[in-house]
file input.pdb (PDB, C-alpha atoms)
ATOM      1  CA  MET V 424       1.777 -98.096 -45.583
ATOM      2  CA  ARG V 425       4.575 -98.605 -48.072
ATOM      3  CA  GLU V 426       4.510 -94.873 -48.763
ATOM      4  CA  ILE V 427       5.038 -94.083 -45.070
ATOM      5  CA  VAL V 428       7.877 -96.615 -44.840
ATOM      6  CA  ASN V 429       9.481 -94.893 -47.835
ATOM      7  CA  TYR V 430       9.155 -91.513 -46.083
ATOM      8  CA  ILE V 431      10.933 -92.867 -43.018
ATOM      9  CA  THR V 432      13.636 -94.680 -45.012
ATOM     10  CA  GLU V 433      14.382 -91.627 -47.122
ATOM     11  CA  TYR V 434      14.578 -89.400 -44.047
ATOM     12  CA  PHE V 435      17.150 -91.581 -42.298
ATOM     13  CA  LYS V 436      19.207 -91.868 -45.497
ATOM     14  CA  ARG V 437      19.559 -88.090 -45.573
ATOM     15  CA  LEU V 438      19.816 -87.536 -41.807
ATOM     16  CA  ASP V 439      23.162 -86.388 -40.429
ATOM     17  CA  GLY V 440      24.259 -89.186 -38.113
ATOM     18  CA  SER V 441      26.196 -86.978 -35.697
ATOM     19  CA  VAL V 442      23.172 -84.721 -35.101
ATOM     20  CA  PHE V 443      20.914 -87.735 -34.621
ATOM     21  CA  ILE V 444      23.290 -89.201 -32.024
ATOM     22  CA  ALA V 445      23.596 -85.846 -30.241
ATOM     23  CA  CYS V 446      19.810 -85.363 -30.124
ATOM     24  CA  THR V 447      19.206 -88.940 -28.977
ATOM     25  CA  LEU V 448      21.778 -88.534 -26.203
ATOM     26  CA  LEU V 449      20.102 -85.259 -25.215
ATOM     27  CA  ALA V 450      16.700 -86.941 -24.999
ATOM     28  CA  ALA V 451      18.203 -89.861 -23.045
ATOM     29  CA  THR V 452      19.938 -87.491 -20.611
ATOM     30  CA  LEU V 453      16.770 -85.501 -19.992
ATOM     31  CA  ILE V 454      14.776 -88.715 -19.460
ATOM     32  CA  PHE V 455      17.389 -89.998 -16.988
ATOM     33  CA  LEU V 456      17.470 -86.722 -15.046
ATOM     34  CA  ASN V 457      13.694 -86.605 -14.860
ATOM     35  CA  PHE V 458      13.153 -90.149 -13.672
ATOM     36  CA  HIS V 459      16.200 -90.201 -11.374
ATOM     37  CA  PHE V 460      15.436 -86.896  -9.656
ATOM     38  CA  CYS V 461      11.620 -86.984 -10.122
ATOM     39  CA  LEU V 462      11.713 -83.563 -11.780
ATOM     40  CA  ASP V 463       8.167 -83.676 -13.121
ATOM     41  CA  ASP V 464       6.762 -84.615  -9.703
ATOM     42  CA  LYS V 465       8.704 -81.816  -8.023
ATOM     43  CA  ILE V 466       7.531 -79.241 -10.562
ATOM     44  CA  GLY V 467       3.949 -80.464 -10.209
ATOM     45  CA  ALA V 468       4.192 -80.081  -6.420
ATOM     46  CA  LEU V 469       5.177 -76.413  -6.604
ATOM     47  CA  SER V 470       2.516 -74.109  -5.187
ATOM     48  CA  SER V 471       3.354 -71.220  -7.512
ATOM     49  CA  ILE V 472       2.161 -71.333 -11.133
ATOM     50  CA  GLY V 473       4.932 -68.886 -12.019
ATOM     51  CA  ALA V 474       7.619 -71.166 -10.615
ATOM     52  CA  SER V 475       6.151 -74.238 -12.328
ATOM     53  CA  PHE V 476       6.008 -72.350 -15.628
ATOM     54  CA  PHE V 477       9.628 -71.208 -15.229
ATOM     55  CA  TYR V 478      11.009 -74.708 -14.665
ATOM     56  CA  ARG V 479       8.910 -76.298 -17.414
ATOM     57  CA  TYR V 480      10.043 -73.564 -19.776
ATOM     58  CA  GLN V 481      13.703 -74.203 -18.952
ATOM     59  CA  ILE V 482      13.368 -77.938 -19.630
ATOM     60  CA  SER V 483      11.381 -77.405 -22.839
ATOM     61  CA  LEU V 484      13.750 -74.720 -24.115
ATOM     62  CA  THR V 485      16.758 -76.951 -23.454
ATOM     63  CA  ALA V 486      15.159 -79.840 -25.343
ATOM     64  CA  PHE V 487      14.042 -77.655 -28.257
ATOM     65  CA  ALA V 488      16.893 -75.165 -28.706
ATOM     66  CA  LEU V 489      19.916 -77.449 -28.187
ATOM     67  CA  PRO V 490      19.219 -79.564 -31.312
ATOM     68  CA  TYR V 491      19.407 -76.366 -33.391
ATOM     69  CA  VAL V 492      22.730 -75.624 -31.649
ATOM     70  CA  PHE V 493      23.873 -79.150 -32.603
ATOM     71  CA  TYR V 494      23.020 -78.432 -36.250
ATOM     72  CA  PHE V 495      25.160 -75.297 -36.098
ATOM     73  CA  ILE V 496      28.131 -76.935 -34.359
ATOM     74  CA  LEU V 497      28.108 -80.253 -36.237
ATOM     75  CA  THR V 498      26.924 -79.201 -39.720
ATOM     76  CA  GLY V 499      27.442 -75.429 -39.843
ATOM     77  CA  LYS V 500      23.741 -74.699 -40.363
ATOM     78  CA  ASN V 501      22.894 -71.506 -38.483
ATOM     79  CA  TYR V 502      19.104 -71.372 -38.258
ATOM     80  CA  PHE V 503      19.294 -68.730 -35.532
ATOM     81  CA  LYS V 504      20.094 -66.083 -38.144
ATOM     82  CA  SER V 505      16.466 -66.159 -39.309
ATOM     83  CA  PRO V 506      14.666 -63.573 -37.119
ATOM     84  CA  LEU V 507      11.352 -65.481 -37.271
ATOM     85  CA  ILE V 508      12.875 -68.868 -36.425
ATOM     86  CA  PHE V 509      15.025 -67.327 -33.672
ATOM     87  CA  LEU V 510      11.903 -65.800 -32.109
ATOM     88  CA  LEU V 511       9.850 -69.001 -32.464
ATOM     89  CA  ILE V 512      12.573 -71.191 -30.935
ATOM     90  CA  PHE V 513      12.311 -69.189 -27.712
ATOM     91  CA  LEU V 514       8.561 -68.517 -27.920
ATOM     92  CA  SER V 515       7.391 -72.087 -28.626
ATOM     93  CA  PRO V 516       8.417 -73.587 -25.246
ATOM     94  CA  ALA V 517       6.710 -70.648 -23.517
ATOM     95  CA  ILE V 518       3.433 -71.321 -25.328
ATOM     96  CA  PHE V 519       3.316 -74.986 -24.406
ATOM     97  CA  SER V 520       4.593 -74.456 -20.853
ATOM     98  CA  TRP V 521       1.806 -71.947 -20.318
ATOM     99  CA  LYS V 522      -0.689 -74.418 -21.761
ATOM    100  CA  MET V 523       0.446 -76.979 -19.182
ATOM    101  CA  GLU V 524       0.474 -74.645 -16.181
ATOM    102  CA  MET V 525      -2.349 -72.162 -16.756
ATOM    103  CA  GLY V 526      -4.996 -72.083 -14.042
ATOM    104  CA  THR V 527      -8.486 -72.910 -15.333
ATOM    105  CA  GLU V 528     -10.454 -73.996 -12.283
ATOM    106  CA  LEU V 529     -13.865 -72.336 -12.405
ATOM    107  CA  PRO V 530     -16.871 -72.278 -10.020
ATOM    108  CA  LEU V 531     -19.134 -74.396 -12.234
ATOM    109  CA  SER V 532     -21.393 -75.966  -9.605
ATOM    110  CA  ASN V 533     -22.316 -75.606  -5.942
ATOM    111  CA  ASP V 534     -22.104 -79.386  -5.612
ATOM    112  CA  VAL V 535     -18.522 -80.389  -4.820
ATOM    113  CA  ASN V 536     -18.649 -83.590  -6.883
ATOM    114  CA  TRP V 537     -20.208 -81.963  -9.930
ATOM    115  CA  ASP V 538     -17.835 -79.015  -9.694
ATOM    116  CA  TYR V 539     -14.893 -81.436  -9.748
ATOM    117  CA  TYR V 540     -16.317 -83.387 -12.698
ATOM    118  CA  LEU V 541     -17.158 -80.313 -14.766
ATOM    119  CA  ASN V 542     -13.748 -78.780 -14.177
ATOM    120  CA  GLN V 543     -12.087 -82.024 -15.244
ATOM    121  CA  VAL V 544     -14.143 -82.061 -18.448
ATOM    122  CA  ALA V 545     -13.426 -78.366 -19.124
ATOM    123  CA  TYR V 546      -9.685 -78.738 -18.422
ATOM    124  CA  TRP V 547      -8.499 -79.936 -21.860
ATOM    125  CA  PRO V 548     -10.868 -77.976 -24.157
ATOM    126  CA  ILE V 549      -9.980 -74.690 -22.429
ATOM    127  CA  ARG V 550      -6.292 -75.358 -23.037
ATOM    128  CA  LEU V 551      -6.988 -76.276 -26.644
ATOM    129  CA  ILE V 552      -8.862 -73.015 -27.210
ATOM    130  CA  VAL V 553      -6.201 -70.840 -25.546
ATOM    131  CA  MET V 554      -3.248 -72.460 -27.299
ATOM    132  CA  SER V 555      -4.997 -72.588 -30.684
ATOM    133  CA  SER V 556      -5.740 -68.873 -30.359
ATOM    134  CA  MET V 557      -2.039 -68.145 -29.831
ATOM    135  CA  LEU V 558      -1.091 -70.277 -32.827
ATOM    136  CA  PHE V 559      -3.821 -68.678 -34.929
ATOM    137  CA  ILE V 560      -2.292 -65.242 -34.330
ATOM    138  CA  ILE V 561       1.143 -66.510 -35.393
ATOM    139  CA  TRP V 562      -0.421 -68.180 -38.438
ATOM    140  CA  ARG V 563      -2.295 -65.027 -39.510
ATOM    141  CA  LEU V 564       0.841 -62.922 -39.187
ATOM    142  CA  ASN V 565       3.245 -65.256 -40.995
ATOM    143  CA  TYR V 566       1.543 -68.226 -42.713
ATOM    144  CA  LYS V 567      -1.974 -67.207 -43.760
ATOM    145  CA  ASP V 568      -1.476 -68.366 -47.364
ATOM    146  CA  GLU V 569      -1.102 -71.969 -46.115
ATOM    147  CA  SER V 570      -3.448 -74.311 -44.241
ATOM    148  CA  PHE V 571      -3.675 -73.686 -40.519
ATOM    149  CA  PHE V 572      -0.593 -75.696 -39.533
ATOM    150  CA  GLY V 573      -1.647 -78.857 -41.327
ATOM    151  CA  LEU V 574      -5.377 -78.929 -40.549
ATOM    152  CA  THR V 575      -6.279 -80.116 -44.033
ATOM    153  CA  VAL V 576      -7.580 -83.347 -45.554
ATOM    154  CA  LYS V 577      -6.113 -82.576 -48.963
ATOM    155  CA  ASN V 578      -4.569 -85.772 -50.411
ATOM    156  CA  PHE V 579      -5.253 -87.537 -47.085
ATOM    157  CA  LYS V 580      -5.277 -91.363 -47.177
ATOM    158  CA  TRP V 581      -6.635 -93.014 -44.038
ATOM    159  CA  LYS V 582      -5.720 -96.682 -44.626
ATOM    160  CA  PRO V 583      -1.983 -96.453 -43.710
ATOM    161  CA  TYR V 584      -2.852 -94.817 -40.399
ATOM    162  CA  LEU V 585      -5.429 -97.473 -39.605
ATOM    163  CA  LEU V 586      -2.726-100.089 -40.174
ATOM    164  CA  MET V 587      -0.379 -98.184 -37.849
ATOM    165  CA  LEU V 588      -3.101 -98.284 -35.187
ATOM    166  CA  LEU V 589      -3.586-102.022 -35.641
ATOM    167  CA  ILE V 590       0.152-102.530 -35.140
ATOM    168  CA  MET V 591      -0.109-100.676 -31.832
ATOM    169  CA  VAL V 592      -2.887-102.908 -30.440
ATOM    170  CA  PRO V 593      -0.645-105.809 -29.238
ATOM    171  CA  LEU V 594       1.913-103.335 -27.840
ATOM    172  CA  ILE V 595      -0.769-101.574 -25.816
ATOM    173  CA  ALA V 596      -2.123-104.950 -24.712
ATOM    174  CA  VAL V 597       1.306-105.842 -23.297
ATOM    175  CA  ALA V 598       1.639-102.406 -21.664
ATOM    176  CA  SER V 599      -1.771-102.907 -20.046
ATOM    177  CA  THR V 600      -0.284-105.642 -17.862
ATOM    178  CA  GLN V 601       2.366-103.352 -16.363
ATOM    179  CA  PRO V 602       1.859-101.760 -12.912
ATOM    180  CA  ASP V 603       3.137 -98.284 -13.873
ATOM    181  CA  PHE V 604       0.773 -98.229 -16.873
ATOM    182  CA  LEU V 605      -2.195 -99.319 -14.765
ATOM    183  CA  ARG V 606      -1.454 -96.628 -12.182
ATOM    184  CA  MET V 607      -1.691 -94.013 -14.933
ATOM    185  CA  TYR V 608      -4.616 -95.320 -17.008
ATOM    186  CA  PRO V 609      -7.493 -95.024 -17.513
ATOM    187  CA  LYS V 610      -7.758 -91.253 -16.985
ATOM    188  CA  LEU V 611     -11.490 -91.844 -16.650
ATOM    189  CA  ARG V 612     -10.806 -93.219 -13.170
ATOM    190  CA  ASP V 613     -10.114 -89.638 -12.016
ATOM    191  CA  VAL V 614     -13.789 -88.723 -12.367
ATOM    192  CA  ASP V 615     -15.588 -92.051 -12.086
ATOM    193  CA  ALA V 616     -15.674 -91.925  -8.291
ATOM    194  CA  VAL V 617     -17.799 -88.737  -8.278
ATOM    195  CA  LEU V 618     -20.336 -90.265 -10.682
ATOM    196  CA  TYR V 619     -21.406 -93.023  -8.295
ATOM    197  CA  ASN V 620     -25.071 -91.967  -8.125
ATOM    198  CA  VAL V 621     -25.705 -90.684 -11.650
ATOM    199  CA  GLN V 622     -28.122 -91.924 -14.287
ATOM    200  CA  TYR V 623     -26.776 -92.457 -17.796
ATOM    201  CA  LYS V 624     -23.235 -92.697 -16.464
ATOM    202  CA  TRP V 625     -22.080 -93.809 -19.913
ATOM    203  CA  PHE V 626     -22.910 -90.330 -21.256
ATOM    204  CA  TYR V 627     -20.699 -88.616 -18.677
ATOM    205  CA  HIS V 628     -17.943 -91.148 -19.341
ATOM    206  CA  LEU V 629     -18.195 -90.399 -23.063
ATOM    207  CA  LEU V 630     -18.106 -86.649 -22.433
ATOM    208  CA  HIS V 631     -14.949 -87.053 -20.372
ATOM    209  CA  GLU V 632     -13.244 -89.188 -23.030
ATOM    210  CA  LEU V 633     -14.121 -86.675 -25.762
ATOM    211  CA  SER V 634     -12.721 -83.906 -23.580
ATOM    212  CA  TYR V 635      -9.568 -85.953 -22.988
ATOM    213  CA  GLY V 636      -9.285 -86.516 -26.739
ATOM    214  CA  SER V 637      -9.308 -82.756 -27.365
ATOM    215  CA  ASP V 638      -5.894 -82.574 -25.700
ATOM    216  CA  PHE V 639      -4.403 -84.614 -28.533
ATOM    217  CA  ILE V 640      -5.735 -82.113 -31.049
ATOM    218  CA  SER V 641      -3.716 -79.417 -29.296
ATOM    219  CA  VAL V 642      -0.645 -81.683 -29.120
ATOM    220  CA  GLU V 643      -0.725 -82.547 -32.832
ATOM    221  CA  LEU V 644      -1.477 -78.969 -33.855
ATOM    222  CA  PHE V 645       1.433 -77.682 -31.797
ATOM    223  CA  PHE V 646       4.136 -80.320 -32.266
ATOM    224  CA  ARG V 647       3.490 -81.674 -35.750
ATOM    225  CA  GLY V 648       1.652 -78.656 -37.157
ATOM    226  CA  PHE V 649       3.400 -75.627 -35.700
ATOM    227  CA  LEU V 650       6.868 -77.016 -34.899
ATOM    228  CA  ILE V 651       7.169 -78.829 -38.241
ATOM    229  CA  LEU V 652       5.108 -76.931 -40.812
ATOM    230  CA  GLY V 653       5.824 -73.554 -39.212
ATOM    231  CA  PHE V 654       9.581 -74.161 -39.474
ATOM    232  CA  ILE V 655      10.150 -76.113 -42.697
ATOM    233  CA  LYS V 656      10.396 -73.110 -45.031
ATOM    234  CA  VAL V 657      13.641 -72.209 -43.271
ATOM    235  CA  VAL V 658      14.950 -75.438 -41.711
ATOM    236  CA  GLY V 659      13.332 -78.127 -43.897
ATOM    237  CA  LYS V 660      13.499 -81.682 -42.523
ATOM    238  CA  ASP V 661      15.827 -80.463 -39.763
ATOM    239  CA  ALA V 662      12.689 -79.354 -37.889
ATOM    240  CA  ILE V 663      11.935 -82.987 -36.988
ATOM    241  CA  LEU V 664      14.616 -83.795 -34.387
ATOM    242  CA  PRO V 665      14.154 -80.634 -32.263
ATOM    243  CA  MET V 666      10.414 -81.293 -32.214
ATOM    244  CA  ALA V 667      10.959 -84.922 -31.155
ATOM    245  CA  CYS V 668      13.234 -83.903 -28.266
ATOM    246  CA  PHE V 669      10.721 -81.294 -27.092
ATOM    247  CA  TYR V 670       7.851 -83.757 -27.503
ATOM    248  CA  CYS V 671       9.647 -86.290 -25.324
ATOM    249  CA  THR V 672       9.722 -83.860 -22.373
ATOM    250  CA  ILE V 673       5.930 -83.540 -22.185
ATOM    251  CA  HIS V 674       5.805 -87.269 -21.356
ATOM    252  CA  PHE V 675       7.920 -86.932 -18.214
ATOM    253  CA  GLY V 676       4.891 -87.636 -16.013
ATOM    254  CA  LYS V 677       4.075 -90.804 -17.955
ATOM    255  CA  PRO V 678       5.462 -94.378 -17.566
ATOM    256  CA  LEU V 679       9.125 -94.724 -18.576
ATOM    257  CA  GLY V 680       8.388 -96.894 -21.626
ATOM    258  CA  GLU V 681       5.861 -94.397 -22.932
ATOM    259  CA  CYS V 682       8.319 -91.551 -22.399
ATOM    260  CA  ILE V 683      11.137 -93.273 -24.294
ATOM    261  CA  SER V 684       8.859 -94.335 -27.159
ATOM    262  CA  SER V 685       7.504 -90.783 -27.469
ATOM    263  CA  TYR V 686      10.882 -89.609 -28.808
ATOM    264  CA  PHE V 687      10.886 -92.122 -31.655
ATOM    265  CA  GLY V 688       7.124 -91.895 -32.176
ATOM    266  CA  GLY V 689       7.423 -88.123 -32.390
ATOM    267  CA  MET V 690      10.079 -88.514 -35.061
ATOM    268  CA  ILE V 691       7.906 -90.866 -37.137
ATOM    269  CA  LEU V 692       4.852 -88.590 -36.946
ATOM    270  CA  GLY V 693       7.068 -85.614 -37.769
ATOM    271  CA  ILE V 694       8.465 -87.378 -40.844
ATOM    272  CA  VAL V 695       4.943 -88.171 -42.051
ATOM    273  CA  VAL V 696       3.723 -84.581 -41.568
ATOM    274  CA  TYR V 697       6.844 -83.217 -43.260
ATOM    275  CA  ASN V 698       6.006 -85.234 -46.367
ATOM    276  CA  THR V 699       2.197 -84.973 -46.383
ATOM    277  CA  ARG V 700       1.819 -81.401 -45.027
ATOM    278  CA  SER V 701      -1.202 -82.639 -43.040
ATOM    279  CA  ILE V 702      -1.570 -83.467 -39.333
ATOM    280  CA  ILE V 703      -4.846 -85.377 -39.801
ATOM    281  CA  GLY V 704      -3.190 -88.798 -40.073
ATOM    282  CA  GLY V 705      -1.047 -88.214 -37.006
ATOM    283  CA  LEU V 706      -4.093 -86.963 -35.133
ATOM    284  CA  MET V 707      -5.997 -90.113 -36.115
ATOM    285  CA  VAL V 708      -3.153 -92.310 -34.807
ATOM    286  CA  HIS V 709      -2.615 -90.282 -31.642
ATOM    287  CA  LEU V 710      -6.298 -90.234 -30.719
ATOM    288  CA  GLY V 711      -6.623 -93.928 -31.491
ATOM    289  CA  ILE V 712      -3.661 -94.804 -29.284
ATOM    290  CA  ALA V 713      -4.945 -92.565 -26.461
ATOM    291  CA  TRP V 714      -8.371 -94.197 -26.415
ATOM    292  CA  LEU V 715      -6.878 -97.697 -26.804
ATOM    293  CA  MET V 716      -4.720 -96.954 -23.754
ATOM    294  CA  GLU V 717      -7.834 -95.873 -21.860
ATOM    295  CA  LEU V 718      -9.472 -99.171 -22.830
ATOM    296  CA  GLY V 719      -6.337-101.132 -21.958
ATOM    297  CA  GLY V 720      -6.130 -99.441 -18.571
ATOM    298  CA  PHE V 721      -9.787-100.164 -17.861
ATOM    299  CA  ILE V 722      -9.472-103.846 -18.801
ATOM    300  CA  GLY V 723      -6.118-104.268 -17.049
ATOM    301  CA  ASN V 724      -7.345-102.747 -13.801
ATOM    302  CA  SER V 725     -10.464-104.909 -13.858
ATOM    303  CA  PHE V 726      -8.248-107.972 -13.285
ATOM    304  CA  ILE V 727      -6.488-106.496 -10.254
TER     305      ILE V 727
END

call {"tool": "encode", "arguments": {"input": "input.pdb", "output": "structure tokens"}}
result
Amino acid sequence: MREIVNYITEYFKRLDGSVFIACTLLAATLIFLNFHFCLDDKIGALSSIGASFFYRYQISLTAFALPYVFYFILTGKNYFKSPLIFLLIFLSPAIFSWKMEMGTELPLSNDVNWDYYLNQVAYWPIRLIVMSSMLFIIWRLNYKDESFFGLTVKNFKWKPYLLMLLIMVPLIAVASTQPDFLRMYPKLRDVDAVLYNVQYKWFYHLLHELSYGSDFISVELFFRGFLILGFIKVVGKDAILPMACFYCTIHFGKPLGECISSYFGGMILGIVVYNTRSIIGGLMVHLGIAWLMELGGFIGNSFI
């Protein structure tokens, strides 16, 4: 744990304060606009996938590209002159926006309840496969001499991440008493109603939670793997703040506290990946938090 604290301390010692303030104000402005005008709800209500993709792309591009503009204006660092980085700055929001909006509903069963359940379980793995395939192509073309965007256990130490998870337990416990948190979690509630007459319900619950967990593999691979390790050869540690701003925007449909904390949490995970060159620790923490939130939501709702 001391090693991780040193990573974070060293990063903030070297971080340009004006860029940090500008990026934090950007994240705060985007959060305010979303929650004040219910942007995520309005985008989600659009009937056209193309329109939803367009608006999500605009928000994501703003959050991701503007920090690189701040670096240019405030420090004189012009990362846009790198053809690869220039392309990836505009391509990255498109990849994740498509992951969020792509249609994947399939005719998996003639029974309405089972069809709903199976499509819910297939939802996250399909997106993981599609997005990972896109990233794999980029990796093969530009980074094939390195690990696949941090999917490596080389020099991995699990104990600091376990401690980070333990620190999160009381915070999640407090969150589990809040109405907005309990309206969102557990995700399992979305499918539990259609499993009312099923034997071995625990198995189908487990399958859903494993499917839900696969989404965090795609998130870590994209944000900490691709947006950090795919950029550091050119931009170094300056890849962290743009990633954190972008990462914050994918939490716009979540409770306000979770959305705000995602900006700072994204920074911390980015700092760790920048120093370790592995996303395994961040994945361990992210999955642990996700499943603890599921548990917290289940316990919290049981008292209502």

call {"tool": "closest_residue", "arguments": {"input": "input.pdb", "among": "V:Pro609, V:Ala486, V:Phe646, V:Ile694", "to": "V:Asn429", "atoms": "only C-alpha atoms"}}
result
V:Ile694

call {"tool": "atom_distance", "arguments": {"input": "input.pdb", "atom1": "atom CA of V:Leu629", "atom2": "atom CA of V:Phe604"}}
result
21.4 Å

call {"tool": "closest_residue", "arguments": {"input": "input.pdb", "among": "V:Tyr540, V:Val642, V:Val553, V:Arg479", "to": "V:Tyr627", "atoms": "all atoms listed in the file"}}
result
V:Tyr540

call {"tool": "resolve_selection", "arguments": {"input": "input.pdb", "expression": "the PyMOL selection byres ((chain V and resi 448) around 12)", "output": "PyMOL selection string"}}
result
chain V and resi 441-447+449-455+486+489-490+493+664+668+683+686

call {"tool": "atom_distance", "arguments": {"input": "input.pdb", "atom1": "atom CA of V:Met523", "atom2": "atom CA of V:His631"}}
result
18.4 Å

call {"tool": "residues_around", "arguments": {"input": "input.pdb", "residues": "V:Tyr491", "least_positions_apart": "6", "cutoff": "10 Å", "atoms": "all atoms listed in the file", "output": "VMD selection string"}}
result
chain V and resid 442 446 497 500 to 503 512 658 661 to 662 664 to 665

call {"tool": "closest_residue", "arguments": {"input": "input.pdb", "among": "V:Met666, V:Ile655, V:Val544, V:Ile552", "to": "V:Val614", "atoms": "only C-alpha atoms"}}
result
V:Val544

call {"tool": "closest_residue", "arguments": {"input": "input.pdb", "among": "V:Asp439, V:Glu433, V:Glu524, V:Arg647", "to": "V:Ser475", "atoms": "all atoms listed in the file"}}
result
V:Glu524

call {"tool": "resolve_selection", "arguments": {"input": "input.pdb", "expression": "the PyMOL selection byres ((chain V and resi 635) around 10)", "output": "mmCIF file with C-alpha atoms, in the frame of the given file"}}
result
data_model
loop_
_atom_site.group_PDB
_atom_site.id
_atom_site.type_symbol
_atom_site.label_atom_id
_atom_site.label_comp_id
_atom_site.auth_asym_id
_atom_site.auth_seq_id
_atom_site.Cartn_x
_atom_site.Cartn_y
_atom_site.Cartn_z
ATOM 1 C CA GLN V 543 -12.087 -82.024 -15.244
ATOM 2 C CA VAL V 544 -14.143 -82.061 -18.448
ATOM 3 C CA ALA V 545 -13.426 -78.366 -19.124
ATOM 4 C CA TYR V 546 -9.685 -78.738 -18.422
ATOM 5 C CA TRP V 547 -8.499 -79.936 -21.860
ATOM 6 C CA PRO V 548 -10.868 -77.976 -24.157
ATOM 7 C CA LYS V 610 -7.758 -91.253 -16.985
ATOM 8 C CA LEU V 611 -11.490 -91.844 -16.650
ATOM 9 C CA LEU V 629 -18.195 -90.399 -23.063
ATOM 10 C CA LEU V 630 -18.106 -86.649 -22.433
ATOM 11 C CA HIS V 631 -14.949 -87.053 -20.372
ATOM 12 C CA GLU V 632 -13.244 -89.188 -23.030
ATOM 13 C CA LEU V 633 -14.121 -86.675 -25.762
ATOM 14 C CA SER V 634 -12.721 -83.906 -23.580
ATOM 15 C CA GLY V 636 -9.285 -86.516 -26.739
ATOM 16 C CA SER V 637 -9.308 -82.756 -27.365
ATOM 17 C CA ASP V 638 -5.894 -82.574 -25.700
ATOM 18 C CA PHE V 639 -4.403 -84.614 -28.533
ATOM 19 C CA ILE V 640 -5.735 -82.113 -31.049
ATOM 20 C CA LEU V 710 -6.298 -90.234 -30.719
ATOM 21 C CA ALA V 713 -4.945 -92.565 -26.461
ATOM 22 C CA TRP V 714 -8.371 -94.197 -26.415
#

call {"tool": "resolve_selection", "arguments": {"input": "input.pdb", "expression": "the PyMOL selection byres ((chain V and resi 717) around 10)", "output": "JSON, numbers by chain"}}
result
{"V": [595, 599, 605, 607, 608, 609, 610, 611, 612, 632, 711, 712, 713, 714, 715, 716, 718, 719, 720, 721, 722, 723]}

call {"tool": "atom_distance", "arguments": {"input": "input.pdb", "atom1": "atom CA of V:Tyr539", "atom2": "atom CA of V:Val617"}}
result
8.0 Å

call {"tool": "build_atoms", "arguments": {"input": "input.pdb", "residues": "stretch 439-450 of chain V", "atoms": "N, CA and C atoms", "output": "short mmCIF file (atom, residue, chain, number, x, y, z; two decimals), keeping the file's coordinate frame"}}
result
data_model
loop_
_atom_site.label_atom_id
_atom_site.label_comp_id
_atom_site.auth_asym_id
_atom_site.auth_seq_id
_atom_site.Cartn_x
_atom_site.Cartn_y
_atom_site.Cartn_z
N ASP V 439 21.78 -86.45 -40.90
CA ASP V 439 23.16 -86.39 -40.43
C ASP V 439 23.29 -87.23 -39.17
N GLY V 440 24.13 -88.24 -39.22
CA GLY V 440 24.26 -89.19 -38.11
C GLY V 440 24.73 -88.55 -36.82
N SER V 441 25.66 -87.60 -36.92
CA SER V 441 26.20 -86.98 -35.70
C SER V 441 25.12 -86.17 -34.97
N VAL V 442 24.25 -85.50 -35.72
CA VAL V 442 23.17 -84.72 -35.10
C VAL V 442 22.15 -85.67 -34.47
N PHE V 443 21.86 -86.76 -35.16
CA PHE V 443 20.91 -87.74 -34.62
C PHE V 443 21.42 -88.32 -33.30
N ILE V 444 22.71 -88.66 -33.25
CA ILE V 444 23.29 -89.20 -32.02
C ILE V 444 23.24 -88.16 -30.91
N ALA V 445 23.59 -86.91 -31.25
CA ALA V 445 23.60 -85.85 -30.24
C ALA V 445 22.19 -85.61 -29.68
N CYS V 446 21.18 -85.59 -30.56
CA CYS V 446 19.81 -85.36 -30.12
C CYS V 446 19.28 -86.54 -29.30
N THR V 447 19.65 -87.75 -29.71
CA THR V 447 19.21 -88.94 -28.98
C THR V 447 19.84 -88.97 -27.60
N LEU V 448 21.12 -88.61 -27.50
CA LEU V 448 21.78 -88.53 -26.20
C LEU V 448 21.16 -87.44 -25.34
N LEU V 449 20.77 -86.33 -25.95
CA LEU V 449 20.10 -85.26 -25.22
C LEU V 449 18.79 -85.75 -24.63
N ALA V 450 17.98 -86.41 -25.47
CA ALA V 450 16.70 -86.94 -25.00
C ALA V 450 16.92 -87.96 -23.88
#
